[in-house]
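A.B. asks: Submitted below is the structure of interest, expressed as structure tokens.
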Amino acid sequence: MPGTPPGDARGKRRIALVGGSLGNLVEWYDWFVYASFAIYFADSFFPGDNPTTQLMNTAGIFAVGFLMRPVGGWVLGRAADRHGRKSALTLTVTMMSVAALLIAVAPTYGQAGYFGAVVLLLARLLQGMSIGGEYAASATYLTEASARNRRGLGSSFQYVSMTCGQLLGLGILITMQHTLTTAQLEDWGWRIPFVLGALFAVVVFWIRRRLTETDAFTEESSGAGGQDTTRGTLKVLWEHRRQAALVMALTLGGTVAYYTYTTYLTKYLIGSAGMAKNTATLVSFTALTVFAVLQPFAGLLSDRIGRRPLLITFAVGCTVGTYPIMTALGSASSYWSALGLSLLALVIVTGYTSINAAVKAELFPTRVRALGVALPYAIANALFGGTAEYVALWFKNGGRETMFFWYVSGCALVSLVTYVLMPDTRHAALSRAEAENDGGNEADSAAAQVPAPAAAEAGR
């Protein structure tokens, strides 16, 4: 950080990393706990005799939440580019707290008919808007707040915190499965994690109010860019439409694979492999714990060898490996066999999750970085990530479950082509200070020009 003693700079980066990650953890806990507890509350809102149909209804509402992510990405991404990453992060967690509370108090079908499902839908729409802004704000914040040669490592904590949020939800689920009966969980126990989510968000609001703004944004807003009324607008994003298209294409395979092996995995082990709910939940919890630990190591590796090698490894592994892994998981008969296969899949997915936040942020200049990450990513997630579970259940309900495996492989193949053709973004300059430093270092300057708009416009 310019003008800041090295020790103070490292201290600020650590605070930013902790503050940004904790907030991200709670945001994603609230988002994922819906999927984790759907097996218990589906019947409360959608009564019937077919469990798959009930899950399809709740999965449909889960997918609808993704439709608001582009709206949240646009509104909150614009706010992050115009008013700062910190203010956007504070706003997203406030919205998530309200949404969690709505789900916690939603009336069941027996109490108010389908009105409860409407409340559930409204809450998921609000959560979708919040997450649409959270991803971009946290990705941008964690990347900008990291040292230049540690951006892969710093941004990897986005998926560490995302996964820890899911683990927190699964941990609460496992605890409740061992302390409450199934009838109690289905009757009222499923509401507890949403109440906790609302309380967690209040704590995070207090933490985020005390974060410091990133140097890249402060530099942009205090310099000539401070008078730029086009910051964070669709007009400026259109000038970087090639980068926006890249974000959508590189997200496609990663988001489908991630949701397949995280939120859908437990349901797949229960519905297709015939595992007990407790065992399937424990498999997911253990696999995700290892997955979270792997993220920083992969992020650090990308700081040494570049982003593209990891992305290409992920896409090749997912394209070739999805069908055999999912087929084997469908007939897994024990905890250990399911765990081994789940870990194999998540190790492959790590090539994408550990660095995708840094890659996207490194493609754009400061004045449109948050919006550039937010909107195309949210659109890709709305179309593919949010619908992955619903598509899987649709194929299963139609008796063609294996077609979903080919669907995941096909999405990964599209991203593979993108990774092969795109530049490596590791050396991109994210601020004027970094661009000026490149001017005095011929090797770095040449590398920084790879994603030209990010480096060239950093000085605006």
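Going by the structure tokens order, chains are called A, B, ..., each with residues numbered from 1, while ligands are numbered from 1 in the order shown.
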Give me, as CSV, each residue of stretch 166-206 of chain A that comes within 9 Å of stretch 266-279 of chain A, together with its shortest interatomic pair and the distance in Å at one decimal, counting only C-alpha atoms, with rows ordered by chain and rising residue number.
C.D. replies:
```
residue,atom,partner,partner_atom,distance
A:Ile174,CA,A:Asn278,CA,7.1
A:Gln177,CA,A:Asn278,CA,7.1
A:His178,CA,A:Asn278,CA,8.7
```
A.B. asks: For stretch 334-346 of chain A, find every residue with an atom within 6 Å (counting only C-alpha atoms), except residues of its own chain fewer than 4 positions away, and show them as a PyMOL selection string.
C.D. replies: chain A and resi 283+287+329
A.B. asks: Next, write the just-selected residues to a file, as a PDB file, in the first residue's frame, keeping all heavy atoms as the atom set.
C.D. replies:
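The result, stored in again33.pdb:
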```
ATOM      1  N   VAL A 283     -21.047 -37.212   4.641  1.00  0.00           N
ATOM      2  CA  VAL A 283     -20.160 -37.274   3.465  1.00  0.00           C
ATOM      3  C   VAL A 283     -19.916 -35.872   2.925  1.00  0.00           C
ATOM      4  O   VAL A 283     -18.774 -35.470   2.670  1.00  0.00           O
ATOM      5  CB  VAL A 283     -20.759 -38.176   2.368  1.00  0.00           C
ATOM      6  CG1 VAL A 283     -19.994 -37.998   1.055  1.00  0.00           C
ATOM      7  CG2 VAL A 283     -20.741 -39.631   2.794  1.00  0.00           C
ATOM      8  N   ALA A 287     -16.254 -33.903   2.967  1.00  0.00           N
ATOM      9  CA  ALA A 287     -15.677 -33.547   1.673  1.00  0.00           C
ATOM     10  C   ALA A 287     -15.505 -32.036   1.536  1.00  0.00           C
ATOM     11  O   ALA A 287     -14.476 -31.551   1.051  1.00  0.00           O
ATOM     12  CB  ALA A 287     -16.564 -34.086   0.543  1.00  0.00           C
ATOM     13  N   LEU A 329     -20.843 -42.685  -7.865  1.00  0.00           N
ATOM     14  CA  LEU A 329     -21.513 -42.151  -6.672  1.00  0.00           C
ATOM     15  C   LEU A 329     -22.933 -42.691  -6.558  1.00  0.00           C
ATOM     16  O   LEU A 329     -23.432 -42.934  -5.458  1.00  0.00           O
ATOM     17  CB  LEU A 329     -21.542 -40.623  -6.715  1.00  0.00           C
ATOM     18  CG  LEU A 329     -20.302 -39.887  -6.215  1.00  0.00           C
ATOM     19  CD1 LEU A 329     -20.389 -38.397  -6.556  1.00  0.00           C
ATOM     20  CD2 LEU A 329     -20.124 -40.065  -4.710  1.00  0.00           C
TER      21      LEU A 329
END
```
A.B. asks: What's the 9 Å shell around A:Asn24, counting only C-alpha atoms, without same-chain residues fewer than 6 positions away, as a list of chain:residue names?
C.D. replies: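 Near neighbours after the sequence-gap exclusion: A:Leu89, A:Val93, A:Glu134, A:Tyr135, A:Ser138, A:Gln158, A:Tyr159, A:Ser161, A:Met162, A:Gly165.
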A.B. asks: Give me the residues within 12 Å of A:Leu153 as a VMD selection string, counting only C-alpha atoms and dropping any in the same chain fewer than 2 places off.
C.D. replies: chain A and resid 17 142 to 151 155 to 160 294 to 304 306 to 307 353 to 359 426
A.B. asks: Can you list every residue of stretch 267-374 of chain A that has an atom at most 8 Å from stretch 231-246 of chain A, with its nearest atom pair and the distance in Å to one decimal, using only C-alpha atoms, ordered by chain then number, as a tab-separated table?
C.D. replies:
```
residue	atom	partner	partner_atom	distance
A:Leu363	CA	A:Gln243	CA	6.2
A:Phe364	CA	A:Gln243	CA	7.3
A:Arg367	CA	A:Arg231	CA	5.0
A:Val368	CA	A:Gly232	CA	4.7
A:Arg369	CA	A:Gly232	CA	7.7
A:Ala370	CA	A:Gly232	CA	7.5
A:Leu371	CA	A:Gly232	CA	5.9
A:Gly372	CA	A:Ala244	CA	6.2
A:Val373	CA	A:Ala244	CA	7.6
```
A.B. asks: Find, counting only C-alpha atoms, the residue in A:Ala79, A:Ile15, A:Ala104, A:Leu288 that gets nearest to A:Gly116.
C.D. replies: A:Ala104
A.B. asks: Quick one: residues within 12 Å of A:Arg209, only C-alpha atoms counted, chain neighbours fewer than 2 positions away excluded, as a list of chain:residue names?
C.D. replies: A:Ala16, A:Gly19, A:Gly20, A:Gly23, A:Arg85, A:Lys86, A:Ser87, A:Ala88, A:Leu89, A:Thr90, A:Leu91, A:Val93, A:Thr94, A:Val202, A:Val203, A:Val204, A:Phe205, A:Trp206, A:Ile207, A:Leu211, A:Thr212, A:Glu213
A.B. asks: Could the residues in this selection be written to a file with N, CA, C and O atoms, as a tab-separated table (two decimals), in the first residue's frame?
C.D. replies:
```tsv
chain	number	residue	atom	x	y	z
A	16	ALA	N	-8.64	-6.87	6.42
A	16	ALA	CA	-9.54	-6.88	5.27
A	16	ALA	C	-9.92	-8.32	4.91
A	16	ALA	O	-11.07	-8.62	4.59
A	19	GLY	N	-12.29	-9.63	7.73
A	19	GLY	CA	-13.59	-8.97	7.67
A	19	GLY	C	-14.38	-9.35	6.43
A	19	GLY	O	-15.58	-9.66	6.51
A	20	GLY	N	-13.71	-9.34	5.28
A	20	GLY	CA	-14.39	-9.71	4.04
A	20	GLY	C	-14.83	-11.16	4.04
A	20	GLY	O	-15.93	-11.49	3.60
A	23	GLY	N	-17.86	-11.96	6.59
A	23	GLY	CA	-19.12	-11.51	6.03
A	23	GLY	C	-19.59	-12.42	4.91
A	23	GLY	O	-20.77	-12.77	4.81
A	85	ARG	N	-16.47	-0.39	-2.12
A	85	ARG	CA	-16.71	-1.82	-1.88
A	85	ARG	C	-17.31	-2.02	-0.48
A	85	ARG	O	-18.19	-2.87	-0.29
A	86	LYS	N	-16.83	-1.25	0.48
A	86	LYS	CA	-17.27	-1.40	1.86
A	86	LYS	C	-18.77	-1.14	2.01
A	86	LYS	O	-19.49	-1.91	2.67
A	87	SER	N	-19.27	-0.07	1.41
A	87	SER	CA	-20.70	0.25	1.55
A	87	SER	C	-21.57	-0.82	0.91
A	87	SER	O	-22.63	-1.18	1.43
A	88	ALA	N	-21.12	-1.38	-0.23
A	88	ALA	CA	-21.89	-2.43	-0.89
A	88	ALA	C	-21.91	-3.70	-0.03
A	88	ALA	O	-22.95	-4.36	0.09
A	89	LEU	N	-20.78	-4.02	0.57
A	89	LEU	CA	-20.71	-5.20	1.43
A	89	LEU	C	-21.63	-5.08	2.64
A	89	LEU	O	-22.25	-6.05	3.08
A	90	THR	N	-21.74	-3.87	3.19
A	90	THR	CA	-22.62	-3.63	4.34
A	90	THR	C	-24.09	-3.78	3.94
A	90	THR	O	-24.89	-4.35	4.68
A	91	LEU	N	-24.42	-3.28	2.76
A	91	LEU	CA	-25.81	-3.35	2.29
A	91	LEU	C	-26.23	-4.79	2.00
A	91	LEU	O	-27.34	-5.20	2.35
A	93	VAL	N	-25.26	-7.63	3.33
A	93	VAL	CA	-25.50	-8.44	4.53
A	93	VAL	C	-26.78	-8.01	5.25
A	93	VAL	O	-27.45	-8.83	5.89
A	94	THR	N	-27.15	-6.75	5.14
A	94	THR	CA	-28.42	-6.28	5.71
A	94	THR	C	-29.60	-6.94	5.01
A	94	THR	O	-30.55	-7.43	5.65
A	202	VAL	N	-26.45	-9.81	11.63
A	202	VAL	CA	-26.38	-8.58	12.44
A	202	VAL	C	-24.95	-8.37	12.95
A	202	VAL	O	-24.42	-7.24	12.93
A	203	VAL	N	-24.31	-9.44	13.40
A	203	VAL	CA	-22.92	-9.35	13.87
A	203	VAL	C	-22.00	-8.92	12.74
A	203	VAL	O	-21.12	-8.07	12.91
A	204	VAL	N	-22.19	-9.51	11.56
A	204	VAL	CA	-21.35	-9.19	10.41
A	204	VAL	C	-21.56	-7.75	9.97
A	204	VAL	O	-20.61	-7.08	9.53
A	205	PHE	N	-22.77	-7.24	10.09
A	205	PHE	CA	-23.03	-5.84	9.76
A	205	PHE	C	-22.11	-4.94	10.58
A	205	PHE	O	-21.51	-3.99	10.07
A	206	TRP	N	-22.00	-5.24	11.85
A	206	TRP	CA	-21.15	-4.45	12.75
A	206	TRP	C	-19.68	-4.55	12.32
A	206	TRP	O	-18.96	-3.56	12.32
A	207	ILE	N	-19.24	-5.76	11.93
A	207	ILE	CA	-17.85	-5.95	11.51
A	207	ILE	C	-17.56	-5.18	10.22
A	207	ILE	O	-16.54	-4.50	10.10
A	211	LEU	N	-14.60	-1.98	8.34
A	211	LEU	CA	-13.59	-2.28	7.33
A	211	LEU	C	-13.05	-0.99	6.71
A	211	LEU	O	-13.73	0.04	6.71
A	212	THR	N	-11.83	-1.05	6.19
A	212	THR	CA	-11.27	0.08	5.46
A	212	THR	C	-11.47	-0.14	3.96
A	212	THR	O	-11.49	-1.29	3.50
A	213	GLU	N	-11.59	0.94	3.22
A	213	GLU	CA	-11.76	0.84	1.78
A	213	GLU	C	-10.44	0.42	1.12
A	213	GLU	O	-9.37	0.61	1.68
```
A.B. asks: Given the choices A:Thr229, A:Thr163, A:Gln127, A:Thr418, which gets closest to A:Ser97 if the distance is worked out from only C-alpha atoms?
C.D. replies: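 Of A:Thr229, A:Thr163, A:Gln127, A:Thr418, the one nearest A:Ser97 is A:Gln127, counting only C-alpha atoms.
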A.B. asks: Please list as a compact mmCIF listing (two decimals) with N, CA, C and O atoms, in the first residue's frame every residue within 7 Å of A:Gly65, counting only C-alpha atoms and excluding residues in the same chain fewer than 4 positions away.
C.D. replies:
```
# COMPACT_ATOMS: atom_id res chain seq x y z
N ILE A 61 -37.82 -22.87 -6.43
CA ILE A 61 -37.71 -21.60 -5.72
C ILE A 61 -36.25 -21.25 -5.49
O ILE A 61 -35.85 -20.09 -5.57
N ARG A 124 -36.39 -15.66 -1.06
CA ARG A 124 -35.33 -16.12 -1.95
C ARG A 124 -34.99 -15.07 -3.00
O ARG A 124 -33.83 -14.94 -3.41
N LEU A 125 -35.96 -14.30 -3.44
CA LEU A 125 -35.68 -13.22 -4.39
C LEU A 125 -34.79 -12.16 -3.74
O LEU A 125 -33.85 -11.65 -4.36
N GLN A 127 -32.78 -12.71 -1.19
CA GLN A 127 -31.47 -13.33 -1.02
C GLN A 127 -30.69 -13.35 -2.33
O GLN A 127 -29.48 -13.12 -2.35
N GLY A 128 -31.40 -13.60 -3.42
CA GLY A 128 -30.74 -13.60 -4.72
C GLY A 128 -30.15 -12.25 -5.07
O GLY A 128 -29.03 -12.16 -5.58
```
A.B. asks: Tell me, which residues of stretch 166-228 of chain A carry DSSP alpha helix (DSSP H), written as a count of residues only?
C.D. replies: 45
A.B. asks: Pick the closest to A:Thr263 from A:Thr289, A:Ser284, A:Ser331, A:Thr140: which is it, counting only C-alpha atoms?
C.D. replies: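 Among the listed residues, A:Ser284 lies closest to A:Thr263.
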